[in-house]
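**Q** The following file, structure-v3.txt, comprises compact mmCIF, C-alpha atoms and all ligand atoms:
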```txt
# COMPACT_ATOMS: atom_id res chain seq x y z
CA MET I 18 3.09 5.00 10.30
CA THR I 19 6.03 2.97 11.68
CA GLU I 20 8.80 4.29 13.90
CA LEU I 21 11.86 5.06 11.74
CA HIS I 22 15.14 4.06 13.36
CA PRO I 23 17.89 6.64 12.55
CA SER I 24 20.04 3.93 10.92
CA ALA I 25 17.14 2.89 8.65
CA LEU I 26 16.50 6.53 7.78
CA ALA I 27 20.18 7.03 6.92
CA ALA I 28 20.06 4.00 4.59
CA ILE I 29 17.24 5.49 2.47
CA PRO I 30 18.39 7.43 -0.60
CA SER I 31 16.63 10.72 -1.29
CA PRO I 32 14.17 11.01 -2.86
CA CYS I 33 12.55 7.62 -2.26
CA PHE I 34 9.09 6.02 -2.06
CA VAL I 35 9.11 3.70 0.96
CA LEU I 36 6.50 0.99 1.55
CA GLU I 37 6.03 0.21 5.26
CA GLU I 38 5.48 -3.54 5.50
CA THR I 39 3.94 -3.45 8.99
CA CYS I 40 1.27 -0.99 7.85
CA LEU I 41 0.48 -3.05 4.75
CA ARG I 42 0.04 -6.15 6.93
CA GLN I 43 -2.41 -4.21 9.13
CA ASN I 44 -4.49 -3.31 6.07
CA LEU I 45 -4.43 -6.87 4.80
CA ALA I 46 -5.83 -8.08 8.15
CA ILE I 47 -8.88 -5.86 7.52
CA PHE I 48 -9.47 -7.40 4.07
CA GLU I 49 -9.06 -10.84 5.61
CA ARG I 50 -11.78 -10.03 8.13
CA VAL I 51 -14.21 -8.71 5.48
CA GLN I 52 -13.67 -11.71 3.20
CA GLN I 53 -14.24 -14.09 6.13
CA ALA I 54 -17.44 -12.36 7.24
CA ALA I 55 -19.05 -11.60 3.86
CA PRO I 56 -19.38 -13.49 0.57
CA VAL I 57 -17.03 -11.19 -1.35
CA GLN I 58 -13.73 -11.34 -3.18
CA ILE I 59 -11.45 -8.33 -2.85
CA LEU I 60 -9.06 -7.65 -5.72
CA LEU I 61 -6.12 -5.24 -5.97
CA ALA I 62 -6.66 -2.51 -8.60
CA LEU I 63 -3.28 -2.16 -10.28
CA LYS I 64 -4.12 1.30 -11.55
CA ALA I 65 -3.64 2.56 -7.98
CA PHE I 66 -0.66 0.47 -6.96
CA ALA I 67 1.52 -1.78 -9.09
CA LEU I 68 4.62 -2.19 -6.91
CA PHE I 69 5.02 -5.85 -7.72
CA HIS I 70 7.72 -6.55 -5.13
CA SER I 71 4.91 -6.43 -2.57
CA PHE I 72 2.53 -8.69 -4.53
CA PRO I 73 3.57 -11.99 -2.87
CA LEU I 74 2.55 -10.55 0.51
CA ILE I 75 -0.74 -9.04 -0.76
CA ARG I 76 -1.57 -12.24 -2.64
CA GLN I 77 -1.64 -14.15 0.67
CA THR I 78 -4.91 -12.32 1.38
CA LEU I 79 -6.38 -11.15 -1.92
CA PRO I 80 -7.47 -13.73 -4.52
CA GLY I 81 -6.63 -11.64 -7.58
CA ALA I 82 -6.21 -8.30 -9.26
CA SER I 83 -7.95 -5.93 -11.64
CA ALA I 84 -6.31 -4.36 -14.66
CA SER I 85 -7.27 -1.50 -16.95
CA SER I 86 -4.96 -2.20 -19.88
CA VAL I 87 -2.99 -4.97 -21.53
CA TRP I 88 0.21 -3.97 -19.71
CA GLU I 89 -1.47 -4.00 -16.31
CA ALA I 90 -3.05 -7.34 -17.21
CA GLN I 91 0.35 -8.76 -18.16
CA LEU I 92 1.96 -7.54 -14.93
CA ALA I 93 -0.91 -8.92 -12.86
CA ALA I 94 -0.67 -12.29 -14.60
CA GLU I 95 3.13 -12.43 -14.23
CA GLU I 96 3.46 -11.18 -10.67
CA PHE I 97 0.09 -11.56 -8.90
CA GLY I 98 -1.80 -14.51 -10.34
CA GLY I 99 -5.31 -15.63 -9.40
CA GLU I 100 -8.47 -14.00 -10.71
CA LEU I 101 -7.90 -11.23 -13.23
CA HIS I 102 -10.69 -8.77 -13.97
CA VAL I 103 -9.89 -6.57 -16.95
CA TYR I 104 -11.82 -3.44 -17.86
CA SER I 105 -10.78 -0.65 -20.20
CA PRO I 106 -12.89 2.28 -21.46
CA ALA I 107 -11.92 1.27 -25.02
CA TYR I 108 -9.94 -1.80 -26.15
CA ARG I 109 -7.64 -1.69 -29.16
CA ASP I 110 -7.85 -4.48 -31.77
CA GLU I 111 -4.19 -5.36 -31.31
CA ASP I 112 -4.47 -5.78 -27.52
CA VAL I 113 -7.56 -7.95 -27.29
CA PRO I 114 -6.01 -11.34 -28.25
CA GLN I 115 -3.45 -11.06 -25.43
CA ILE I 116 -6.06 -9.81 -22.95
CA LEU I 117 -8.30 -12.77 -23.83
CA ASN I 118 -5.47 -15.11 -22.88
CA LEU I 119 -4.90 -13.43 -19.53
CA ALA I 120 -8.30 -12.36 -18.19
CA SER I 121 -10.67 -14.46 -16.11
CA HIS I 122 -13.29 -11.70 -16.42
CA LEU I 123 -13.45 -9.14 -19.22
CA THR I 124 -15.67 -6.08 -18.98
CA PHE I 125 -16.67 -3.80 -21.85
CA ASN I 126 -17.53 -0.14 -21.48
CA SER I 127 -20.10 -0.07 -24.28
CA ILE I 128 -22.41 -2.43 -26.10
CA GLY I 129 -20.62 -1.43 -29.32
CA GLN I 130 -17.20 -2.65 -28.06
CA TRP I 131 -18.69 -5.94 -26.89
CA GLU I 132 -20.35 -6.52 -30.26
CA ARG I 133 -17.15 -5.61 -32.09
CA PHE I 134 -14.94 -8.03 -30.15
CA ARG I 135 -17.44 -10.85 -29.73
CA PRO I 136 -16.26 -12.76 -32.84
CA MET I 137 -12.67 -12.71 -31.47
CA LEU I 138 -13.91 -14.30 -28.28
CA ASP I 139 -15.66 -17.06 -30.22
CA HIS I 140 -12.28 -18.07 -31.67
CA SER I 141 -10.25 -17.71 -28.48
CA PRO I 142 -9.04 -20.84 -26.61
CA ASN I 143 -9.51 -18.95 -23.32
CA ARG I 144 -13.01 -17.59 -22.75
CA PRO I 145 -13.18 -15.02 -19.95
CA SER I 146 -16.54 -14.33 -18.38
CA ILE I 147 -17.96 -11.22 -20.07
CA GLY I 148 -19.19 -8.15 -18.22
CA LEU I 149 -20.59 -4.74 -19.05
CA ARG I 150 -19.82 -1.57 -17.11
CA ILE I 151 -23.00 0.12 -15.95
CA ASN I 152 -23.59 3.72 -14.92
CA PRO I 153 -25.63 3.76 -11.69
CA GLU I 154 -26.34 7.51 -12.12
CA TYR I 155 -25.22 8.12 -8.55
CA SER I 156 -21.84 9.08 -7.17
CA PRO I 157 -20.98 10.83 -3.91
CA VAL I 158 -17.75 12.19 -5.48
CA GLN I 159 -17.72 16.00 -5.55
CA THR I 160 -14.55 16.52 -7.66
CA THR I 161 -15.61 16.27 -11.31
CA LEU I 162 -12.23 14.85 -12.37
CA TYR I 163 -12.94 11.79 -10.21
CA ASN I 164 -16.70 11.47 -10.69
CA PRO I 165 -17.56 8.60 -13.09
CA CYS I 166 -21.25 9.57 -13.04
CA GLN I 167 -20.78 13.23 -13.99
CA PRO I 168 -23.35 14.49 -16.53
CA GLY I 169 -22.53 13.07 -19.96
CA SER I 170 -20.08 10.55 -18.54
CA ARG I 171 -18.41 8.28 -21.11
CA LEU I 172 -17.97 5.53 -18.50
CA GLY I 173 -20.51 2.73 -18.47
CA VAL I 174 -23.85 1.95 -20.05
CA ARG I 175 -26.95 3.76 -18.81
CA SER I 176 -30.08 1.74 -18.16
CA GLU I 177 -32.00 3.38 -21.03
CA GLN I 178 -29.22 2.34 -23.45
CA LEU I 179 -29.73 -1.27 -22.41
CA GLY I 180 -33.48 -1.17 -22.75
CA ASP I 181 -35.15 -4.49 -21.92
CA ARG I 182 -32.54 -6.77 -23.36
CA LEU I 183 -29.11 -7.74 -22.17
CA PRO I 184 -26.62 -8.24 -25.03
CA PRO I 185 -26.16 -12.01 -25.45
CA GLY I 186 -23.13 -13.42 -23.63
CA VAL I 187 -23.01 -10.82 -20.84
CA GLU I 188 -22.77 -12.53 -17.45
CA GLY I 189 -21.67 -9.75 -15.12
CA PHE I 190 -21.81 -6.05 -14.35
CA LEU I 191 -19.03 -3.70 -13.25
CA CYS I 192 -20.10 -0.57 -11.39
CA HIS I 193 -17.43 1.93 -10.32
CA ASN I 194 -18.79 5.18 -8.92
CA LEU I 195 -17.05 5.70 -5.56
CA CYS I 196 -13.79 7.32 -4.43
CA GLU I 197 -12.50 7.21 -0.84
CA SER I 198 -16.13 6.51 0.11
CA ASP I 199 -17.90 4.95 3.09
CA SER I 200 -20.24 1.99 3.33
CA LYS I 201 -23.35 4.21 3.20
CA ALA I 202 -22.35 5.26 -0.33
CA LEU I 203 -22.04 1.60 -1.29
CA GLU I 204 -25.48 0.87 0.18
CA LYS I 205 -26.97 3.67 -1.92
CA THR I 206 -25.11 2.36 -4.98
CA LEU I 207 -26.59 -1.10 -4.50
CA SER I 208 -30.10 0.30 -4.30
CA GLN I 209 -29.49 2.35 -7.48
CA ILE I 210 -28.27 -0.79 -9.27
CA GLU I 211 -31.37 -2.67 -8.14
CA ALA I 212 -33.64 0.23 -9.20
CA LEU I 213 -32.07 0.78 -12.63
CA PHE I 214 -30.75 -2.67 -13.58
CA GLY I 215 -32.78 -4.96 -11.29
CA GLN I 216 -34.52 -6.74 -14.17
CA PHE I 217 -31.16 -8.18 -15.29
CA LEU I 218 -29.88 -9.30 -11.89
CA PRO I 219 -31.57 -12.74 -12.05
CA GLN I 220 -29.39 -13.45 -15.14
CA MET I 221 -26.13 -12.18 -13.66
CA ARG I 222 -23.35 -14.45 -12.42
CA TRP I 223 -21.23 -11.70 -10.89
CA LEU I 224 -21.30 -8.07 -9.81
CA ASN I 225 -18.04 -6.16 -9.49
CA LEU I 226 -18.60 -3.07 -7.34
CA GLY I 227 -15.40 -1.37 -8.46
CA GLY I 228 -13.10 0.62 -6.20
CA GLY I 229 -13.43 3.54 -3.84
CA HIS I 230 -14.30 1.49 -0.74
CA LEU I 231 -11.97 3.00 1.85
CA MET I 232 -12.21 0.08 4.28
CA THR I 233 -8.81 0.81 5.80
CA ARG I 234 -9.57 4.42 6.77
CA GLU I 235 -10.06 4.92 10.48
CA GLY I 236 -13.78 5.10 11.24
CA TYR I 237 -14.94 3.09 8.19
CA ASP I 238 -17.92 1.04 9.33
CA LEU I 239 -16.76 -2.48 8.49
CA ASP I 240 -19.73 -4.09 10.24
CA HIS I 241 -22.12 -2.11 8.05
CA LEU I 242 -20.20 -3.09 4.91
CA ILE I 243 -20.33 -6.75 5.93
CA ALA I 244 -24.07 -6.46 6.68
CA ILE I 245 -24.99 -4.90 3.31
CA LEU I 246 -22.91 -7.42 1.37
CA ASN I 247 -24.58 -10.28 3.22
CA ALA I 248 -28.04 -8.75 2.71
CA PHE I 249 -27.40 -8.42 -1.04
CA HIS I 250 -26.21 -12.01 -1.13
CA ASP I 251 -29.42 -13.11 0.62
CA ARG I 252 -31.45 -11.38 -2.11
CA TYR I 253 -29.29 -12.65 -4.99
CA PRO I 254 -27.44 -15.78 -3.80
CA HIS I 255 -26.46 -16.70 -7.37
CA ILE I 256 -24.38 -13.50 -7.83
CA SER I 257 -20.68 -13.50 -6.85
CA LEU I 258 -19.70 -10.16 -5.34
CA ILE I 259 -16.37 -8.54 -6.10
CA LEU I 260 -14.73 -5.33 -4.87
CA GLU I 261 -11.61 -3.97 -6.58
CA PRO I 262 -10.23 -1.17 -4.43
CA GLY I 263 -6.84 0.38 -5.05
CA SER I 264 -6.32 3.20 -2.56
CA ALA I 265 -7.74 1.19 0.34
CA ILE I 266 -5.19 -1.60 -0.12
CA VAL I 267 -2.21 0.67 0.48
CA TRP I 268 -3.88 3.49 2.42
CA GLN I 269 -1.36 4.92 4.91
CA THR I 270 1.24 2.26 4.14
CA GLY I 271 4.20 4.31 3.04
CA PHE I 272 5.80 7.66 2.40
CA LEU I 273 7.88 9.75 0.03
CA LEU I 274 11.18 10.83 1.56
CA SER I 275 12.66 14.10 0.33
CA THR I 276 15.50 16.47 1.22
CA VAL I 277 15.58 20.24 1.58
CA GLN I 278 17.79 21.68 -1.19
CA ASP I 279 17.34 25.40 -0.66
CA ILE I 280 15.50 27.89 1.54
CA ILE I 281 14.39 31.19 0.02
CA PRO I 282 12.97 33.86 2.33
CA THR I 283 10.68 36.47 0.76
CA PRO I 284 8.82 39.31 2.49
CA ASP I 285 5.58 37.27 2.44
CA LEU I 286 6.71 33.70 3.07
CA THR I 287 9.68 31.39 3.11
CA HIS I 288 10.07 28.80 0.33
CA VAL I 289 11.64 25.41 0.89
CA LEU I 290 12.94 23.87 -2.33
CA LEU I 291 12.83 20.07 -2.35
CA ASP I 292 14.19 17.21 -4.46
CA VAL I 293 10.62 16.00 -5.11
CA SER I 294 7.95 17.49 -7.33
CA PHE I 295 4.21 17.66 -6.68
CA THR I 296 3.35 17.55 -10.34
CA ALA I 297 5.79 14.74 -11.20
CA HIS I 298 5.69 12.57 -8.07
CA MET I 299 2.50 13.45 -6.13
CA PRO I 300 0.13 14.59 -8.92
CA ASP I 301 -3.08 13.91 -6.97
CA CYS I 302 -2.11 16.69 -4.55
CA LEU I 303 -2.59 19.17 -7.41
CA GLU I 304 -5.40 17.33 -9.21
CA MET I 305 -7.71 16.54 -6.29
CA PRO I 306 -6.43 18.92 -4.80
CA TYR I 307 -5.34 18.06 -1.25
CA GLN I 308 -2.49 18.94 1.07
CA PRO I 309 -0.46 15.89 2.11
CA VAL I 310 0.72 15.46 5.68
CA ILE I 311 4.42 16.01 6.37
CA ARG I 312 5.72 14.08 9.39
CA GLY I 313 6.40 16.64 12.14
CA GLY I 314 4.74 19.47 10.16
CA HIS I 315 1.43 21.14 11.04
CA PRO I 316 -1.06 23.60 9.66
CA VAL I 317 0.39 27.04 10.31
CA GLN I 318 0.21 27.97 14.00
CA THR I 319 1.52 31.08 15.72
CA GLY I 320 4.90 30.74 17.36
CA GLU I 321 6.13 28.15 14.80
CA TYR I 322 8.18 28.42 11.60
CA PRO I 323 6.00 28.51 8.46
CA TYR I 324 7.21 27.36 5.02
CA ARG I 325 5.83 26.77 1.54
CA MET I 326 7.09 23.49 0.01
CA GLY I 327 8.46 24.01 -3.49
CA GLY I 328 8.70 21.16 -6.00
CA SER I 329 11.77 20.46 -8.10
CA SER I 330 10.18 21.24 -11.49
CA CYS I 331 9.88 24.74 -12.91
CA LEU I 332 6.08 24.55 -13.18
CA ALA I 333 4.95 27.73 -11.41
CA GLY I 334 2.25 25.87 -9.49
CA ASP I 335 4.51 23.03 -8.35
CA PHE I 336 4.28 23.93 -4.68
CA MET I 337 2.22 23.02 -1.64
CA GLY I 338 1.48 24.49 1.69
CA ASP I 339 1.93 26.26 3.93
CA TYR I 340 3.31 24.04 6.71
CA ALA I 341 4.71 25.04 10.08
CA PHE I 342 7.45 23.33 12.10
CA PRO I 343 8.46 23.79 15.72
CA GLN I 344 12.13 24.25 14.65
CA PRO I 345 13.50 26.17 11.66
CA LEU I 346 14.29 23.94 8.66
CA ALA I 347 17.82 23.75 7.22
CA ILE I 348 19.31 22.64 3.91
CA GLY I 349 19.87 18.86 4.08
CA ASP I 350 16.89 18.22 6.39
CA ARG I 351 14.84 15.20 5.38
CA LEU I 352 11.07 15.57 5.09
CA ILE I 353 8.59 12.72 4.92
CA PHE I 354 5.36 13.09 2.93
CA GLU I 355 2.91 10.58 4.41
CA ASP I 356 0.55 8.22 2.61
CA MET I 357 2.27 8.24 -0.77
CA MET I 358 1.72 4.68 -2.02
CA HIS I 359 -1.55 4.95 -3.99
CA TYR I 360 -1.70 6.81 -7.31
CA THR I 361 1.92 7.94 -7.00
CA MET I 362 4.42 5.45 -8.49
CA VAL I 363 1.84 4.47 -11.14
CA LYS I 364 1.42 8.12 -12.19
CA THR I 365 4.87 9.66 -11.85
CA THR I 366 6.60 11.37 -14.76
CA MET I 367 10.13 12.54 -15.49
CA PHE I 368 8.90 16.02 -16.44
CA ASN I 369 11.82 18.47 -16.49
CA GLY I 370 14.13 15.42 -16.24
CA VAL I 371 13.70 15.58 -12.48
CA THR I 372 15.23 12.66 -10.62
CA HIS I 373 12.65 9.93 -10.19
CA PRO I 374 12.42 8.80 -6.54
CA ALA I 375 13.96 5.42 -5.76
CA ILE I 376 11.62 2.71 -4.44
CA GLY I 377 12.15 0.54 -1.40
CA THR I 378 10.57 -0.92 1.70
CA LEU I 379 10.87 -0.64 5.42
CA LYS I 380 10.63 -4.23 6.51
CA GLN I 381 8.87 -5.49 9.61
CA THR I 382 12.31 -5.88 11.19
CA GLY I 383 12.89 -2.12 10.82
CA GLU I 384 15.53 -2.57 8.11
CA PHE I 385 15.33 -0.69 4.82
CA GLU I 386 15.57 -2.63 1.54
CA LEU I 387 16.14 -0.81 -1.75
CA TRP I 388 14.11 -2.20 -4.67
CA ARG I 389 14.80 0.20 -7.51
CA GLN I 390 16.84 3.27 -8.37
CA PHE I 391 16.41 5.29 -11.55
CA SER I 392 19.10 6.70 -13.79
CA TYR I 393 19.56 8.99 -16.77
CA ASP I 394 19.05 5.92 -19.01
CA ASP I 395 15.48 5.54 -17.71
CA TYR I 396 14.77 9.13 -18.74
CA ARG I 397 16.50 8.80 -22.10
CA THR I 398 14.97 5.46 -23.12
CA ARG I 399 11.42 6.83 -22.81
CA MET I 400 12.23 9.29 -25.58
CA GLY I 401 13.57 6.88 -28.16
C1 LIG I 501 -12.96 0.64 -12.70
C2 LIG I 501 -12.16 0.98 -11.49
N1 LIG I 501 -11.96 0.03 -10.55
C3 LIG I 501 -11.24 0.29 -9.43
C4 LIG I 501 -10.67 1.53 -9.21
C5 LIG I 501 -9.88 1.76 -7.95
O1 LIG I 501 -10.43 2.78 -7.18
P1 LIG I 501 -9.83 3.21 -5.79
O2 LIG I 501 -8.34 3.28 -5.93
O3 LIG I 501 -10.43 4.54 -5.52
O4 LIG I 501 -10.22 2.19 -4.78
C6 LIG I 501 -10.86 2.55 -10.17
C7 LIG I 501 -10.28 3.87 -9.97
O5 LIG I 501 -10.34 4.77 -10.77
C8 LIG I 501 -11.62 2.26 -11.34
O6 LIG I 501 -11.81 3.20 -12.29
```
Before we go any further, please render this structure as structure tokens.

**A**
Amino acid sequence: MTELHPSALAAIPSPCFVLEETCLRQNLAIFERVQQAAPVQILLALKAFALFHSFPLIRQTLPGASASSVWEAQLAAEEFGGELHVYSPAYRDEDVPQILNLASHLTFNSIGQWERFRPMLDHSPNRPSIGLRINPEYSPVQTTLYNPCQPGSRLGVRSEQLGDRLPPGVEGFLCHNLCESDSKALEKTLSQIEALFGQFLPQMRWLNLGGGHLMTREGYDLDHLIAILNAFHDRYPHISLILEPGSAIVWQTGFLLSTVQDIIPTPDLTHVLLDVSFTAHMPDCLEMPYQPVIRGGHPVQTGEYPYRMGGSSCLAGDFMGDYAFPQPLAIGDRLIFEDMMHYTMVKTTMFNGVTHPAIGTLKQTGEFELWRQFSYDDYRTRMG
């Protein structure tokens, strides 16, 4: 979190997503350190964060990006450059020719999809390196919605489906089974991969260990991460290691600014009505679920002023809290929801026609720069 000068705060329209450049630079220094100390390439997963105005800065440290669709691949190629790993649970015939032109690495979710698109690859001038997503049958993720290894998962090939033979042409594996996880979970993942898919590792050229490595969270054991990556490399020196985190890249690097529009006291609690919506602008809060931090707010304590934060849509469950503040809130007060860069702008909707937050950055100098504002036309043009 960076100190917000009152003049910078006044310059920010409400609502607005604000990327804090200083915080992003701090995260990038961590990736720099890991890439220096271990034989690994760290890519930005666009599914978590696609704010391309920041790509030139991120690109100074990260050698490429990962995309999960043809549109993400196009944006990554246009604005990021470098290596481009593409993986989608199911490719469409009409998208594959363009993806083949953009991708450096192309991963299939099933043997069937690889066999179906293989002839297209034979006729393509650009030949990405082909990978298969594998299911390591281990995930530390407790929330089913986010667990790629849940029973009956559709994501990735299980070892018994592969049998003893790797489909011809496959040179790499993608394994994504973590979410906001630590290095111990990655260590366990690597041993699962060796136990279930070890017979194929001598033939592999690369291993992409997906996302979910929360290297930028305080307390993450970077030395342990570096040690296990180096140890794997010692065992399999011919395999290039790749990580493609999303959340970790922009963890704690920006906020969503909102303004109090109304205050409604009831006998049980007091509602604050905001110009932001949890379902439309911060959907993970309801899906995960988790309660985001509000700058200056606390869990409810005696002697303070408790409020429930109400979103701007009419969905009955579009609320969060409770939060307590040392002073009573008033209409027009500005509230800052922390850590709102990952899985926000890429997932927002205009449900109810609610105003979409503007997007901008708080530069290292402390000045605010506006990157994008949304209008009625943006809402209308999505409908036809
Ligand atoms: C295949 C794949 N790679 C990378 C990521 C990024 O994960 P995270 O943002 O948790 O680091 C995801 C997230 O769902 C994913 O499915």

**Q** Per residue of chain I within 6 Å of ligand LIG 501 (chain I), which atom pair is closest and at what distance in Å (one decimal), using only C-alpha atoms and all ligand atoms, listed by chain and increasing number, as JSON lines?

**A**
```
{"residue": "I:Ala62", "atom": "CA", "partner": "I:LIG501", "partner_atom": "C5", "distance": 5.4}
{"residue": "I:Ala65", "atom": "CA", "partner": "I:LIG501", "partner_atom": "O2", "distance": 5.2}
{"residue": "I:His193", "atom": "CA", "partner": "I:LIG501", "partner_atom": "C1", "distance": 5.2}
{"residue": "I:Cys196", "atom": "CA", "partner": "I:LIG501", "partner_atom": "O3", "distance": 4.5}
{"residue": "I:Glu197", "atom": "CA", "partner": "I:LIG501", "partner_atom": "O3", "distance": 5.8}
{"residue": "I:Gly227", "atom": "CA", "partner": "I:LIG501", "partner_atom": "N1", "distance": 4.3}
{"residue": "I:Gly228", "atom": "CA", "partner": "I:LIG501", "partner_atom": "O1", "distance": 3.6}
{"residue": "I:Gly229", "atom": "CA", "partner": "I:LIG501", "partner_atom": "O3", "distance": 3.6}
{"residue": "I:His230", "atom": "CA", "partner": "I:LIG501", "partner_atom": "O4", "distance": 5.8}
{"residue": "I:Glu261", "atom": "CA", "partner": "I:LIG501", "partner_atom": "C3", "distance": 5.1}
{"residue": "I:Pro262", "atom": "CA", "partner": "I:LIG501", "partner_atom": "O4", "distance": 3.4}
{"residue": "I:Gly263", "atom": "CA", "partner": "I:LIG501", "partner_atom": "O2", "distance": 3.4}
{"residue": "I:Ser264", "atom": "CA", "partner": "I:LIG501", "partner_atom": "O2", "distance": 3.9}
{"residue": "I:Ala265", "atom": "CA", "partner": "I:LIG501", "partner_atom": "O4", "distance": 5.8}
```

**Q** Show me a table, sorted first by chain and then by increasing residue number, of the residues of stretch 55-111 of chain I having an atom at most 10 Å from stretch 222-226 of chain I, each with its shortest atom pair and the distance in Å to one decimal, counting all atoms listed in the file and written as CSV.

**A**
```
residue,atom,partner,partner_atom,distance
I:Val57,CA,I:Asn225,CA,9.6
I:Gln58,CA,I:Asn225,CA,9.2
I:Ile59,CA,I:Asn225,CA,9.6
I:Leu60,CA,I:Asn225,CA,9.9
I:His102,CA,I:Asn225,CA,9.0
```

**Q** Excluding same-chain residues fewer than 5 positions from stretch 42-48 of chain I, what lies within 10 Å of it counting all atoms listed in the file, as a tab-separated table (two decimals) with C-alpha atoms, keeping the file's coordinate frame?

**A**
```tsv
chain	number	residue	atom	x	y	z
I	37	GLU	CA	6.03	0.21	5.26
I	53	GLN	CA	-14.24	-14.09	6.13
I	54	ALA	CA	-17.44	-12.36	7.24
I	58	GLN	CA	-13.73	-11.34	-3.18
I	59	ILE	CA	-11.45	-8.33	-2.85
I	60	LEU	CA	-9.06	-7.65	-5.72
I	74	LEU	CA	2.55	-10.55	0.51
I	75	ILE	CA	-0.74	-9.04	-0.76
I	76	ARG	CA	-1.57	-12.24	-2.64
I	77	GLN	CA	-1.64	-14.15	0.67
I	78	THR	CA	-4.91	-12.32	1.38
I	79	LEU	CA	-6.38	-11.15	-1.92
I	232	MET	CA	-12.21	0.08	4.28
I	233	THR	CA	-8.81	0.81	5.80
I	234	ARG	CA	-9.57	4.42	6.77
I	239	LEU	CA	-16.76	-2.48	8.49
I	265	ALA	CA	-7.74	1.19	0.34
I	266	ILE	CA	-5.19	-1.60	-0.12
I	267	VAL	CA	-2.21	0.67	0.48
I	268	TRP	CA	-3.88	3.49	2.42
I	269	GLN	CA	-1.36	4.92	4.91
I	270	THR	CA	1.24	2.26	4.14
I	381	GLN	CA	8.87	-5.49	9.61
```

**Q** Here's a test: counting all atoms listed in the file, identify every protein, DNA and RNA residue with an atom at most 8 Å from (11.1, 22.1, 1.8) in the file's coordinate frame, and state them as a PyMOL selection string.

**A** chain I and resi 276-280+288-291+324-327+346+352

**Q** Nearest to I:Ala297 among I:Glu235, I:Arg351, I:His241, I:Phe368, with distances taken over all atoms listed in the file: which residue is it?

**A**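 Looking only at the distances to I:Ala297, the closest residue turns out to be I:Phe368.
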
**Q** Taking into account only C-alpha atoms, which residue in the set I:Gly215, I:Pro32, I:Pro157, I:Gly173 is nearest to I:His298?

**A** I:Pro32

**Q** Restricting the calculation to all atoms listed in the file, which member of I:Gly370, I:Gly314, I:Gly99, I:Gly129 is positioned closest to I:Tyr393?

**A**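 Once distances to I:Tyr393 are computed over all atoms listed in the file, the minimum belongs to I:Gly370.
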
**Q** Tell me which protein, DNA and RNA residues are within 12 Å of I:Arg135, counting only C-alpha atoms, leaving out same-chain ones fewer than 4 positions away, and put them as a VMD selection string.

**A** chain I and resid 110 113 to 114 117 123 to 125 128 to 131 139 to 141 144 to 148 184 to 187

**Q** Tell me, as a count of residues only, which residues lie within 10 Å of I:Met18, counting all atoms listed in the file; anything in the same chain fewer than 3 positions away does not count.

**A** 11

**Q** Measure the distance from atom CA of I:Thr378 to atom CA of I:Asp292 in Å and round it to one decimal.

**A** 19.5 Å

**Q** For I:Gly98, which residue out of I:Leu68, I:Ser121, I:Asp112, I:Glu38 is the nearest one, using only C-alpha atoms?

**A**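 Nearest candidate to I:Gly98 out of I:Leu68, I:Ser121, I:Asp112, I:Glu38: I:Ser121.
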
**Q** Take atom CA of I:Leu332 and atom CA of I:Phe295 and report the distance between them in Å, one decimal.

**A**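 It comes out at 9.7 Å.
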
**Q** Out of I:Asp285, I:Asp339, I:Glu154, I:Glu204, which residue has the shortest atom-to-atom distance to I:Gln308 when counting only C-alpha atoms?

**A**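 Among I:Asp285, I:Asp339, I:Glu154, I:Glu204, it is I:Asp339 that comes nearest to I:Gln308.
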
**Q** Which distance in Å separates atom CA of I:Thr19 and atom CA of I:Glu384, to one decimal?

**A**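 Atom-to-atom, atom CA of I:Thr19 to atom CA of I:Glu384, that is 11.6 Å.
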
**Q** Within 12 Å of (18.3, 6.6, 5.3), in the coordinates the file gives, what residues turn up when you count all atoms listed in the file, written out as JSON, numbers by chain?

**A** {"I": [21, 22, 23, 24, 25, 26, 27, 28, 29, 30, 31, 32, 33, 34, 35, 274, 275, 276, 350, 351, 352, 353, 375, 377, 378, 379, 383, 384, 385, 386, 387]}

**Q** When you count only C-alpha atoms, which of these residues is closest to I:Leu119: I:Ser156, I:Gln390, I:Ser83, I:Thr382?

**A** I:Ser83
